[in-house]
file my_file_2.pdb (PDB, C-alpha atoms, pLDDT in the B column)
ATOM      1  CA  MET H   1     -16.097 -21.080 -52.030  1.00 95.00           C
ATOM      2  CA  TRP H   2     -13.808 -22.247 -49.219  1.00 97.00           C
ATOM      3  CA  ARG H   3     -15.350 -25.603 -48.253  1.00 96.00           C
ATOM      4  CA  GLU H   4     -12.511 -27.794 -49.488  1.00 96.00           C
ATOM      5  CA  GLN H   5      -9.813 -25.491 -48.135  1.00 97.00           C
ATOM      6  CA  ILE H   6     -11.449 -25.404 -44.699  1.00 97.00           C
ATOM      7  CA  SER H   7     -11.583 -29.199 -44.708  1.00 96.00           C
ATOM      8  CA  ALA H   8      -7.885 -29.370 -45.568  1.00 95.00           C
ATOM      9  CA  LEU H   9      -6.724 -26.718 -43.106  1.00 95.00           C
ATOM     10  CA  ALA H  10      -9.078 -27.028 -40.132  1.00 94.00           C
ATOM     11  CA  THR H  11      -6.949 -29.552 -38.253  1.00 92.00           C
ATOM     12  CA  ARG H  12      -4.211 -26.922 -37.827  1.00 92.00           C
ATOM     13  CA  PHE H  13      -6.010 -23.595 -38.177  1.00 93.00           C
ATOM     14  CA  ASP H  14      -9.152 -21.936 -36.834  1.00 94.00           C
ATOM     15  CA  CYS H  15     -10.797 -21.087 -40.169  1.00 95.00           C
ATOM     16  CA  ARG H  16     -13.447 -18.369 -40.249  1.00 95.00           C
ATOM     17  CA  VAL H  17     -15.338 -17.167 -43.331  1.00 95.00           C
ATOM     18  CA  MET H  18     -16.957 -13.750 -43.320  1.00 94.00           C
ATOM     19  CA  ASP H  19     -20.501 -13.065 -44.538  1.00 93.00           C
ATOM     20  CA  TYR H  20     -20.947  -9.422 -45.524  1.00 95.00           C
ATOM     21  CA  GLY H  21     -24.717  -9.549 -45.967  1.00 93.00           C
ATOM     22  CA  SER H  22     -25.991  -6.374 -47.587  1.00 95.00           C
ATOM     23  CA  LEU H  23     -22.886  -4.250 -46.949  1.00 98.00           C
ATOM     24  CA  ASP H  24     -22.170  -2.310 -50.123  1.00 97.00           C
ATOM     25  CA  SER H  25     -18.632  -0.992 -49.788  1.00 98.00           C
ATOM     26  CA  VAL H  26     -15.220  -2.617 -49.488  1.00 98.00           C
ATOM     27  CA  GLU H  27     -14.474  -0.285 -46.591  1.00 98.00           C
ATOM     28  CA  ALA H  28     -17.554  -1.423 -44.641  1.00 98.00           C
ATOM     29  CA  MET H  29     -16.704  -5.073 -45.298  1.00 98.00           C
ATOM     30  CA  ALA H  30     -13.176  -4.547 -43.998  1.00 98.00           C
ATOM     31  CA  GLY H  31     -14.555  -2.796 -40.933  1.00 97.00           C
ATOM     32  CA  ARG H  32     -16.856  -5.720 -40.116  1.00 96.00           C
ATOM     33  CA  THR H  33     -14.019  -8.205 -40.529  1.00 96.00           C
ATOM     34  CA  LEU H  34     -11.661  -6.220 -38.334  1.00 95.00           C
ATOM     35  CA  ALA H  35     -14.300  -5.795 -35.634  1.00 94.00           C
ATOM     36  CA  GLY H  36     -14.519  -9.562 -35.179  1.00 90.00           C
ATOM     37  CA  ALA H  37     -10.856 -10.415 -35.685  1.00 94.00           C
ATOM     38  CA  PRO H  38      -8.262 -11.268 -33.031  1.00 95.00           C
ATOM     39  CA  ASP H  39      -5.292  -8.968 -32.543  1.00 95.00           C
ATOM     40  CA  ARG H  40      -3.156 -11.028 -34.936  1.00 96.00           C
ATOM     41  CA  PHE H  41      -4.414 -13.295 -37.687  1.00 96.00           C
ATOM     42  CA  LEU H  42      -3.731 -14.906 -41.047  1.00 97.00           C
ATOM     43  CA  LEU H  43      -5.849 -13.487 -43.853  1.00 97.00           C
ATOM     44  CA  ALA H  44      -7.019 -14.892 -47.185  1.00 98.00           C
ATOM     45  CA  GLY H  45      -9.290 -13.303 -49.765  1.00 98.00           C
ATOM     46  CA  HIS H  46     -10.597 -14.405 -53.150  1.00 98.00           C
ATOM     47  CA  SER H  47     -11.740 -11.945 -55.840  1.00 98.00           C
ATOM     48  CA  MET H  48     -13.739  -9.224 -54.029  1.00 97.00           C
ATOM     49  CA  GLY H  49     -12.507 -10.734 -50.773  1.00 98.00           C
ATOM     50  CA  GLY H  50      -8.948 -10.038 -51.875  1.00 98.00           C
ATOM     51  CA  ARG H  51      -9.783  -6.361 -52.206  1.00 98.00           C
ATOM     52  CA  VAL H  52     -11.317  -6.448 -48.737  1.00 98.00           C
ATOM     53  CA  ALA H  53      -8.130  -8.102 -47.487  1.00 98.00           C
ATOM     54  CA  LEU H  54      -6.007  -5.301 -48.928  1.00 98.00           C
ATOM     55  CA  GLU H  55      -8.216  -2.739 -47.200  1.00 98.00           C
ATOM     56  CA  LEU H  56      -7.680  -4.642 -43.945  1.00 97.00           C
ATOM     57  CA  VAL H  57      -3.924  -4.503 -44.480  1.00 98.00           C
ATOM     58  CA  ARG H  58      -4.233  -0.767 -45.029  1.00 97.00           C
ATOM     59  CA  ARG H  59      -6.070  -0.376 -41.716  1.00 97.00           C
ATOM     60  CA  ALA H  60      -4.314  -2.910 -39.513  1.00 96.00           C
ATOM     61  CA  PRO H  61      -0.961  -3.857 -41.058  1.00 95.00           C
ATOM     62  CA  GLN H  62       0.483  -5.126 -37.788  1.00 95.00           C
ATOM     63  CA  GLY H  63      -2.430  -7.476 -37.207  1.00 96.00           C
ATOM     64  CA  VAL H  64      -2.031  -9.433 -40.444  1.00 97.00           C
ATOM     65  CA  THR H  65       0.737 -12.007 -39.977  1.00 97.00           C
ATOM     66  CA  GLY H  66       0.271 -13.757 -43.331  1.00 97.00           C
ATOM     67  CA  LEU H  67      -1.693 -12.860 -46.458  1.00 98.00           C
ATOM     68  CA  ALA H  68      -3.090 -14.936 -49.331  1.00 98.00           C
ATOM     69  CA  LEU H  69      -4.652 -13.121 -52.284  1.00 98.00           C
ATOM     70  CA  LEU H  70      -6.461 -15.325 -54.784  1.00 98.00           C
ATOM     71  CA  ASP H  71      -7.735 -14.304 -58.236  1.00 98.00           C
ATOM     72  CA  THR H  72      -8.102 -10.677 -57.283  1.00 98.00           C
ATOM     73  CA  GLY H  73      -6.862  -7.177 -58.050  1.00 97.00           C
ATOM     74  CA  TYR H  74      -5.865  -3.891 -56.495  1.00 98.00           C
ATOM     75  CA  GLN H  75      -6.797  -1.115 -58.906  1.00 97.00           C
ATOM     76  CA  PRO H  76      -9.988   0.971 -58.841  1.00 97.00           C
ATOM     77  CA  ARG H  77     -12.518   0.827 -61.653  1.00 96.00           C
ATOM     78  CA  ALA H  78     -11.037   2.323 -64.755  1.00 94.00           C
ATOM     79  CA  SER H  79     -12.226   5.698 -65.957  1.00 93.00           C
ATOM     80  CA  GLY H  80     -13.727   6.267 -69.372  1.00 94.00           C
ATOM     81  CA  GLU H  81     -15.078   3.666 -71.753  1.00 95.00           C
ATOM     82  CA  HIS H  82     -13.446   0.642 -70.130  1.00 93.00           C
ATOM     83  CA  GLY H  83     -14.893   1.460 -66.725  1.00 95.00           C
ATOM     84  CA  GLN H  84     -18.297   2.096 -68.232  1.00 96.00           C
ATOM     85  CA  ARG H  85     -18.254  -1.302 -69.926  1.00 95.00           C
ATOM     86  CA  GLU H  86     -17.462  -2.968 -66.616  1.00 95.00           C
ATOM     87  CA  ALA H  87     -20.365  -1.166 -64.928  1.00 96.00           C
ATOM     88  CA  GLU H  88     -22.757  -2.122 -67.717  1.00 96.00           C
ATOM     89  CA  GLN H  89     -21.691  -5.758 -67.598  1.00 94.00           C
ATOM     90  CA  ARG H  90     -22.155  -5.955 -63.842  1.00 96.00           C
ATOM     91  CA  HIS H  91     -25.494  -4.121 -63.928  1.00 97.00           C
ATOM     92  CA  GLN H  92     -26.751  -6.522 -66.579  1.00 97.00           C
ATOM     93  CA  LEU H  93     -26.193  -9.381 -64.140  1.00 97.00           C
ATOM     94  CA  VAL H  94     -28.172  -7.559 -61.448  1.00 97.00           C
ATOM     95  CA  ALA H  95     -31.013  -6.904 -63.904  1.00 98.00           C
ATOM     96  CA  LEU H  96     -31.049 -10.573 -64.907  1.00 98.00           C
ATOM     97  CA  ALA H  97     -31.166 -11.647 -61.260  1.00 98.00           C
ATOM     98  CA  ASN H  98     -34.115  -9.343 -60.590  1.00 98.00           C
ATOM     99  CA  GLU H  99     -35.994 -10.405 -63.720  1.00 98.00           C
ATOM    100  CA  GLN H 100     -35.301 -14.142 -63.902  1.00 98.00           C
ATOM    101  CA  GLY H 101     -33.783 -15.083 -60.547  1.00 98.00           C
ATOM    102  CA  MET H 102     -30.345 -15.836 -59.182  1.00 98.00           C
ATOM    103  CA  ARG H 103     -29.967 -19.179 -60.941  1.00 97.00           C
ATOM    104  CA  ALA H 104     -30.477 -17.600 -64.366  1.00 97.00           C
ATOM    105  CA  MET H 105     -27.989 -14.890 -63.448  1.00 98.00           C
ATOM    106  CA  GLY H 106     -25.561 -17.548 -62.276  1.00 97.00           C
ATOM    107  CA  ARG H 107     -25.620 -19.339 -65.627  1.00 97.00           C
ATOM    108  CA  GLU H 108     -24.448 -16.161 -67.349  1.00 96.00           C
ATOM    109  CA  TRP H 109     -22.002 -15.253 -64.598  1.00 97.00           C
ATOM    110  CA  LEU H 110     -20.204 -18.593 -64.591  1.00 96.00           C
ATOM    111  CA  ARG H 111     -19.355 -18.182 -68.284  1.00 95.00           C
ATOM    112  CA  LEU H 112     -17.239 -15.211 -67.226  1.00 94.00           C
ATOM    113  CA  MET H 113     -15.695 -17.118 -64.343  1.00 97.00           C
ATOM    114  CA  LEU H 114     -14.879 -20.524 -65.865  1.00 97.00           C
ATOM    115  CA  PRO H 115     -12.828 -21.634 -68.854  1.00 97.00           C
ATOM    116  CA  GLU H 116     -15.087 -22.758 -71.676  1.00 96.00           C
ATOM    117  CA  ALA H 117     -13.943 -26.341 -71.180  1.00 95.00           C
ATOM    118  CA  ARG H 118     -15.658 -26.371 -67.755  1.00 96.00           C
ATOM    119  CA  TRP H 119     -19.012 -24.848 -68.807  1.00 96.00           C
ATOM    120  CA  ASN H 120     -20.557 -28.322 -69.049  1.00 95.00           C
ATOM    121  CA  ASP H 121     -18.871 -29.761 -65.955  1.00 97.00           C
ATOM    122  CA  ALA H 122     -22.131 -30.618 -64.206  1.00 97.00           C
ATOM    123  CA  PRO H 123     -20.840 -31.124 -60.615  1.00 97.00           C
ATOM    124  CA  LEU H 124     -18.880 -27.861 -60.686  1.00 98.00           C
ATOM    125  CA  VAL H 125     -21.642 -25.873 -62.378  1.00 98.00           C
ATOM    126  CA  ASP H 126     -24.297 -27.244 -60.007  1.00 97.00           C
ATOM    127  CA  ALA H 127     -22.151 -26.341 -56.981  1.00 97.00           C
ATOM    128  CA  MET H 128     -21.640 -22.800 -58.261  1.00 97.00           C
ATOM    129  CA  LEU H 129     -25.328 -22.317 -59.046  1.00 98.00           C
ATOM    130  CA  ALA H 130     -26.325 -23.664 -55.621  1.00 97.00           C
ATOM    131  CA  MET H 131     -23.907 -21.195 -54.018  1.00 97.00           C
ATOM    132  CA  VAL H 132     -25.383 -18.312 -56.008  1.00 97.00           C
ATOM    133  CA  GLU H 133     -28.959 -19.300 -55.180  1.00 97.00           C
ATOM    134  CA  ARG H 134     -28.273 -19.022 -51.455  1.00 96.00           C
ATOM    135  CA  LYS H 135     -28.009 -15.249 -51.923  1.00 96.00           C
ATOM    136  CA  SER H 136     -30.541 -12.680 -53.138  1.00 97.00           C
ATOM    137  CA  PRO H 137     -30.588 -10.123 -55.959  1.00 98.00           C
ATOM    138  CA  GLN H 138     -30.373  -7.444 -53.268  1.00 98.00           C
ATOM    139  CA  ILE H 139     -27.128  -8.884 -51.902  1.00 98.00           C
ATOM    140  CA  LEU H 140     -25.773  -9.189 -55.445  1.00 97.00           C
ATOM    141  CA  ALA H 141     -26.607  -5.528 -56.089  1.00 98.00           C
ATOM    142  CA  ALA H 142     -24.838  -4.501 -52.866  1.00 98.00           C
ATOM    143  CA  GLN H 143     -21.711  -6.398 -53.862  1.00 97.00           C
ATOM    144  CA  ILE H 144     -21.791  -4.834 -57.324  1.00 97.00           C
ATOM    145  CA  ARG H 145     -21.936  -1.376 -55.760  1.00 98.00           C
ATOM    146  CA  ALA H 146     -18.954  -2.277 -53.594  1.00 98.00           C
ATOM    147  CA  LEU H 147     -16.937  -3.524 -56.549  1.00 97.00           C
ATOM    148  CA  LEU H 148     -17.701  -0.556 -58.783  1.00 97.00           C
ATOM    149  CA  ALA H 149     -16.643   1.861 -56.017  1.00 97.00           C
ATOM    150  CA  ARG H 150     -13.652  -0.224 -54.907  1.00 98.00           C
ATOM    151  CA  PRO H 151     -10.729   1.746 -53.461  1.00 97.00           C
ATOM    152  CA  ASP H 152      -7.332   1.974 -55.086  1.00 98.00           C
ATOM    153  CA  ALA H 153      -4.904  -0.266 -53.181  1.00 98.00           C
ATOM    154  CA  SER H 154      -1.854   0.583 -55.295  1.00 98.00           C
ATOM    155  CA  GLU H 155      -0.134   2.296 -52.386  1.00 98.00           C
ATOM    156  CA  VAL H 156      -0.847  -0.639 -50.063  1.00 98.00           C
ATOM    157  CA  LEU H 157       1.116  -3.226 -52.046  1.00 98.00           C
ATOM    158  CA  PRO H 158       4.699  -1.966 -51.567  1.00 98.00           C
ATOM    159  CA  GLY H 159       4.094  -1.508 -47.842  1.00 97.00           C
ATOM    160  CA  ILE H 160       3.016  -5.093 -47.162  1.00 98.00           C
ATOM    161  CA  THR H 161       5.514  -6.573 -44.726  1.00 96.00           C
ATOM    162  CA  CYS H 162       3.972  -9.950 -43.916  1.00 97.00           C
ATOM    163  CA  PRO H 163       4.598 -13.108 -45.991  1.00 98.00           C
ATOM    164  CA  THR H 164       2.272 -13.016 -48.994  1.00 98.00           C
ATOM    165  CA  LEU H 165       0.952 -15.701 -51.336  1.00 98.00           C
ATOM    166  CA  LEU H 166      -0.535 -14.676 -54.674  1.00 98.00           C
ATOM    167  CA  LEU H 167      -2.547 -17.385 -56.393  1.00 98.00           C
ATOM    168  CA  CYS H 168      -4.215 -17.257 -59.807  1.00 98.00           C
ATOM    169  CA  GLY H 169      -5.814 -19.627 -62.285  1.00 98.00           C
ATOM    170  CA  ARG H 170      -3.826 -19.842 -65.495  1.00 98.00           C
ATOM    171  CA  GLU H 171      -7.024 -19.246 -67.495  1.00 98.00           C
ATOM    172  CA  ASP H 172      -8.548 -16.553 -65.269  1.00 98.00           C
ATOM    173  CA  ARG H 173      -9.970 -13.965 -67.678  1.00 95.00           C
ATOM    174  CA  TRP H 174     -11.624 -11.865 -64.982  1.00 94.00           C
ATOM    175  CA  SER H 175      -8.539 -11.332 -62.807  1.00 97.00           C
ATOM    176  CA  PRO H 176      -5.780 -12.366 -65.196  1.00 97.00           C
ATOM    177  CA  LEU H 177      -2.395 -13.781 -64.395  1.00 98.00           C
ATOM    178  CA  ALA H 178      -0.636 -10.689 -65.747  1.00 98.00           C
ATOM    179  CA  ARG H 179      -2.211  -8.629 -62.959  1.00 97.00           C
ATOM    180  CA  HIS H 180      -0.928 -11.043 -60.326  1.00 98.00           C
ATOM    181  CA  GLU H 181       2.527 -10.917 -61.879  1.00 98.00           C
ATOM    182  CA  GLN H 182       2.400  -7.132 -61.488  1.00 98.00           C
ATOM    183  CA  MET H 183       1.400  -7.505 -57.857  1.00 98.00           C
ATOM    184  CA  ALA H 184       4.203 -10.005 -57.276  1.00 98.00           C
ATOM    185  CA  ARG H 185       6.731  -7.481 -58.553  1.00 98.00           C
ATOM    186  CA  VAL H 186       5.493  -4.811 -56.140  1.00 98.00           C
ATOM    187  CA  ILE H 187       4.760  -6.734 -52.913  1.00 98.00           C
ATOM    188  CA  PRO H 188       8.084  -7.403 -51.141  1.00 97.00           C
ATOM    189  CA  GLY H 189       8.929 -11.107 -51.154  1.00 96.00           C
ATOM    190  CA  ALA H 190       5.569 -12.182 -52.555  1.00 98.00           C
ATOM    191  CA  ARG H 191       5.236 -15.762 -53.786  1.00 96.00           C
ATOM    192  CA  LEU H 192       3.142 -16.406 -56.914  1.00 98.00           C
ATOM    193  CA  GLU H 193       1.418 -19.760 -57.460  1.00 98.00           C
ATOM    194  CA  VAL H 194      -0.323 -20.486 -60.775  1.00 98.00           C
ATOM    195  CA  ILE H 195      -3.123 -23.044 -60.767  1.00 98.00           C
ATOM    196  CA  GLU H 196      -3.137 -24.849 -64.091  1.00 97.00           C
ATOM    197  CA  ALA H 197      -6.319 -25.573 -66.046  1.00 97.00           C
ATOM    198  CA  ALA H 198      -8.344 -23.177 -63.887  1.00 98.00           C
ATOM    199  CA  GLY H 199     -10.162 -19.911 -64.359  1.00 98.00           C
ATOM    200  CA  HIS H 200     -11.358 -17.419 -61.760  1.00 98.00           C
ATOM    201  CA  MET H 201     -13.000 -19.856 -59.336  1.00 98.00           C
ATOM    202  CA  THR H 202      -9.842 -21.696 -58.384  1.00 98.00           C
ATOM    203  CA  THR H 203     -10.970 -22.780 -54.926  1.00 98.00           C
ATOM    204  CA  MET H 204     -13.851 -24.715 -56.503  1.00 98.00           C
ATOM    205  CA  GLU H 205     -12.313 -25.647 -59.868  1.00 98.00           C
ATOM    206  CA  ARG H 206      -9.070 -27.098 -58.517  1.00 98.00           C
ATOM    207  CA  PRO H 207      -9.675 -27.407 -54.774  1.00 98.00           C
ATOM    208  CA  ALA H 208      -6.859 -29.861 -54.057  1.00 97.00           C
ATOM    209  CA  SER H 209      -4.244 -27.712 -55.813  1.00 98.00           C
ATOM    210  CA  VAL H 210      -5.376 -24.591 -53.996  1.00 98.00           C
ATOM    211  CA  SER H 211      -5.546 -26.364 -50.642  1.00 97.00           C
ATOM    212  CA  THR H 212      -2.022 -27.715 -51.100  1.00 97.00           C
ATOM    213  CA  ALA H 213      -0.646 -24.296 -52.047  1.00 97.00           C
ATOM    214  CA  MET H 214      -2.302 -22.659 -49.050  1.00 96.00           C
ATOM    215  CA  HIS H 215      -1.280 -25.441 -46.664  1.00 95.00           C
ATOM    216  CA  ASP H 216       2.356 -25.272 -47.752  1.00 95.00           C
ATOM    217  CA  PHE H 217       2.384 -21.478 -47.495  1.00 96.00           C
ATOM    218  CA  LEU H 218       0.773 -21.377 -44.055  1.00 93.00           C
ATOM    219  CA  CYS H 219       2.901 -24.168 -42.626  1.00 90.00           C
ATOM    220  CA  ALA H 220       6.048 -22.434 -43.820  1.00 92.00           C
ATOM    221  CA  LEU H 221       5.123 -19.481 -41.597  1.00 90.00           C
ATOM    222  CA  GLY H 222       5.856 -21.613 -38.539  1.00 71.00           C
TER     223      GLY H 222
END
call {"tool": "encode", "arguments": {"input": "my_file_2.pdb", "output": "structure tokens"}}
result
Amino acid sequence: MWREQISALATRFDCRVMDYGSLDSVEAMAGRTLAGAPDRFLLAGHSMGGRVALELVRRAPQGVTGLALLDTGYQPRASGEHGQREAEQRHQLVALANEQGMRAMGREWLRLMLPEARWNDAPLVDAMLAMVERKSPQILAAQIRALLARPDASEVLPGITCPTLLLCGREDRWSPLARHEQMARVIPGARLEVIEAAGHMTTMERPASVSTAMHDFLCALG
């Protein structure tokens, strides 16, 4: 997910990427991250990682000196029919992974993540499927449990005091631009960057654009 950004930023920043293994709650993931973090640090999170980042801000607001939230959200799973549909859709992916393997699951998953125009982009699709195959159905199931039980971070947003970058693919259907526009209105001083011709997987779809946006944001912090 972060390979190109690490390559672009590593000359100026000590870049660390967390692996949550079989942890199955956003709270546990935030706890593991905080346990290994320095007293003060810059924080970036994509999708589920963005929700973990918001939980970290809730727990250690003074430690986070800059925040980048990419293609993510802040609300809990909806109640009623909409929330049930989300659960069913996610559980179908877990069932497919268990029955046919992670690569088969990945082929269905990427159709939710990418704009249709990129479905046949062989280098991108192969990279995403290779990434998926490095994990197991058990890890996928744990992450699904974490996402379905995700905490509500609505009260965190207006209290964020560090510089914040919001970044979203223009064609992200999973974590749409409208949600990021809402977040930008609530987080004090937040900066919103839209990545054109990209869906949910911006760091892999348009790596140079994302790297540039992150580099400019981080360098502006001094």
call {"tool": "resolve_selection", "arguments": {"input": "my_file_2.pdb", "expression": "the PyMOL selection byres ((chain H and resi 102) around 9)", "output": "PyMOL selection string"}}
result
chain H and resi 94+96-98+100-101+103-107+129+132-137+140
call {"tool": "write_last_selection", "arguments": {"input": "my_file_2.pdb", "atoms": "C-alpha atoms", "output": "PDB file, in the coordinates of the input"}}
result
ATOM      1  CA  VAL H  94     -28.172  -7.559 -61.448  1.00 97.00           C
ATOM      2  CA  LEU H  96     -31.049 -10.573 -64.907  1.00 98.00           C
ATOM      3  CA  ALA H  97     -31.166 -11.647 -61.260  1.00 98.00           C
ATOM      4  CA  ASN H  98     -34.115  -9.343 -60.590  1.00 98.00           C
ATOM      5  CA  GLN H 100     -35.301 -14.142 -63.902  1.00 98.00           C
ATOM      6  CA  GLY H 101     -33.783 -15.083 -60.547  1.00 98.00           C
ATOM      7  CA  ARG H 103     -29.967 -19.179 -60.941  1.00 97.00           C
ATOM      8  CA  ALA H 104     -30.477 -17.600 -64.366  1.00 97.00           C
ATOM      9  CA  MET H 105     -27.989 -14.890 -63.448  1.00 98.00           C
ATOM     10  CA  GLY H 106     -25.561 -17.548 -62.276  1.00 97.00           C
ATOM     11  CA  ARG H 107     -25.620 -19.339 -65.627  1.00 97.00           C
ATOM     12  CA  LEU H 129     -25.328 -22.317 -59.046  1.00 98.00           C
ATOM     13  CA  VAL H 132     -25.383 -18.312 -56.008  1.00 97.00           C
ATOM     14  CA  GLU H 133     -28.959 -19.300 -55.180  1.00 97.00           C
ATOM     15  CA  ARG H 134     -28.273 -19.022 -51.455  1.00 96.00           C
ATOM     16  CA  LYS H 135     -28.009 -15.249 -51.923  1.00 96.00           C
ATOM     17  CA  SER H 136     -30.541 -12.680 -53.138  1.00 97.00           C
ATOM     18  CA  PRO H 137     -30.588 -10.123 -55.959  1.00 98.00           C
ATOM     19  CA  LEU H 140     -25.773  -9.189 -55.445  1.00 97.00           C
TER      20      LEU H 140
END
call {"tool": "resolve_selection", "arguments": {"input": "my_file_2.pdb", "expression": "the PyMOL selection byres ((chain H and resi 114) around 9)", "output": "list of chain:residue names"}}
result
H:Trp109, H:Leu110, H:Arg111, H:Leu112, H:Met113, H:Pro115, H:Glu116, H:Ala117, H:Arg118, H:Trp119, H:Glu171, H:Asp172, H:Arg173, H:Ala198, H:Gly199, H:His200, H:Met201, H:Glu205
call {"tool": "residues_around", "arguments": {"input": "my_file_2.pdb", "residues": "His180 (chain H)", "least_positions_apart": "3", "cutoff": "9 Å", "atoms": "all atoms listed in the file", "output": "ChimeraX atom specification"}}
result
/H:70-73,166-168,175-177,183-185,192
call {"tool": "resolve_selection", "arguments": {"input": "my_file_2.pdb", "expression": "the PyMOL selection byres ((chain H and resi 163) around 8)", "output": "list in words"}}
result
Thr65, Gly66, Leu67, Thr161, Cys162, Thr164, Leu165, Gly189, Ala190 and Leu221 of chain H
call {"tool": "atom_distance", "arguments": {"input": "my_file_2.pdb", "atom1": "CA of Gly49 (chain H)", "atom2": "CA of Asn120 (chain H)"}}
result
26.6 Å
call {"tool": "closest_residue", "arguments": {"input": "my_file_2.pdb", "among": "H:Arg58, H:Arg32, H:Arg12, H:Arg40", "to": "Ile160 (chain H)", "atoms": "all atoms listed in the file"}}
result
H:Arg58
call {"tool": "residues_around", "arguments": {"input": "my_file_2.pdb", "residues": "Val210 (chain H)", "least_positions_apart": "4", "cutoff": "8 Å", "atoms": "all atoms listed in the file", "output": "ChimeraX atom specification"}}
result
/H:5,195,202-203,206,214
call {"tool": "residues_around", "arguments": {"input": "my_file_2.pdb", "residues": "Thr212 (chain H)", "least_positions_apart": "3", "cutoff": "12 Å", "atoms": "all atoms listed in the file", "output": "ChimeraX atom specification"}}
result
/H:4-9,167,193,195,203,206-209,215-219
call {"tool": "write_last_selection", "arguments": {"input": "my_file_2.pdb", "atoms": "C-alpha atoms", "output": "short mmCIF file (atom, residue, chain, number, x, y, z; two decimals), in the frame of the given file"}}
result
data_model
loop_
_atom_site.label_atom_id
_atom_site.label_comp_id
_atom_site.auth_asym_id
_atom_site.auth_seq_id
_atom_site.Cartn_x
_atom_site.Cartn_y
_atom_site.Cartn_z
CA GLU H 4 -12.51 -27.79 -49.49
CA GLN H 5 -9.81 -25.49 -48.14
CA ILE H 6 -11.45 -25.40 -44.70
CA SER H 7 -11.58 -29.20 -44.71
CA ALA H 8 -7.88 -29.37 -45.57
CA LEU H 9 -6.72 -26.72 -43.11
CA LEU H 167 -2.55 -17.39 -56.39
CA GLU H 193 1.42 -19.76 -57.46
CA ILE H 195 -3.12 -23.04 -60.77
CA THR H 203 -10.97 -22.78 -54.93
CA ARG H 206 -9.07 -27.10 -58.52
CA PRO H 207 -9.68 -27.41 -54.77
CA ALA H 208 -6.86 -29.86 -54.06
CA SER H 209 -4.24 -27.71 -55.81
CA HIS H 215 -1.28 -25.44 -46.66
CA ASP H 216 2.36 -25.27 -47.75
CA PHE H 217 2.38 -21.48 -47.50
CA LEU H 218 0.77 -21.38 -44.06
CA CYS H 219 2.90 -24.17 -42.63
#
call {"tool": "atom_distance", "arguments": {"input": "my_file_2.pdb", "atom1": "CA of Gly36 (chain H)", "atom2": "CA of Ala153 (chain H)"}}
result
22.4 Å
call {"tool": "atom_distance", "arguments": {"input": "my_file_2.pdb", "atom1": "CA of Cys15 (chain H)", "atom2": "CA of Trp174 (chain H)"}}
result
26.5 Å
call {"tool": "residues_around", "arguments": {"input": "my_file_2.pdb", "residues": "Leu56 (chain H)", "least_positions_apart": "6", "cutoff": "8 Å", "atoms": "only C-alpha atoms", "output": "ChimeraX atom specification"}}
result
/H:30-31,34
call {"tool": "closest_residue", "arguments": {"input": "my_file_2.pdb", "among": "H:Ala141, H:Ala87, H:Ala53, H:Ala10", "to": "Asp24 (chain H)", "atoms": "all atoms listed in the file"}}
result
H:Ala141
call {"tool": "axis_aligned_box", "arguments": {"input": "my_file_2.pdb", "around": "region 60-64 of chain H", "padding_each_side": "8 Å", "output": "JSON"}}
result
{"center_x": -1.9, "center_y": -6.2, "center_z": -39.1, "size_x": 20.8, "size_y": 22.5, "size_z": 19.9}
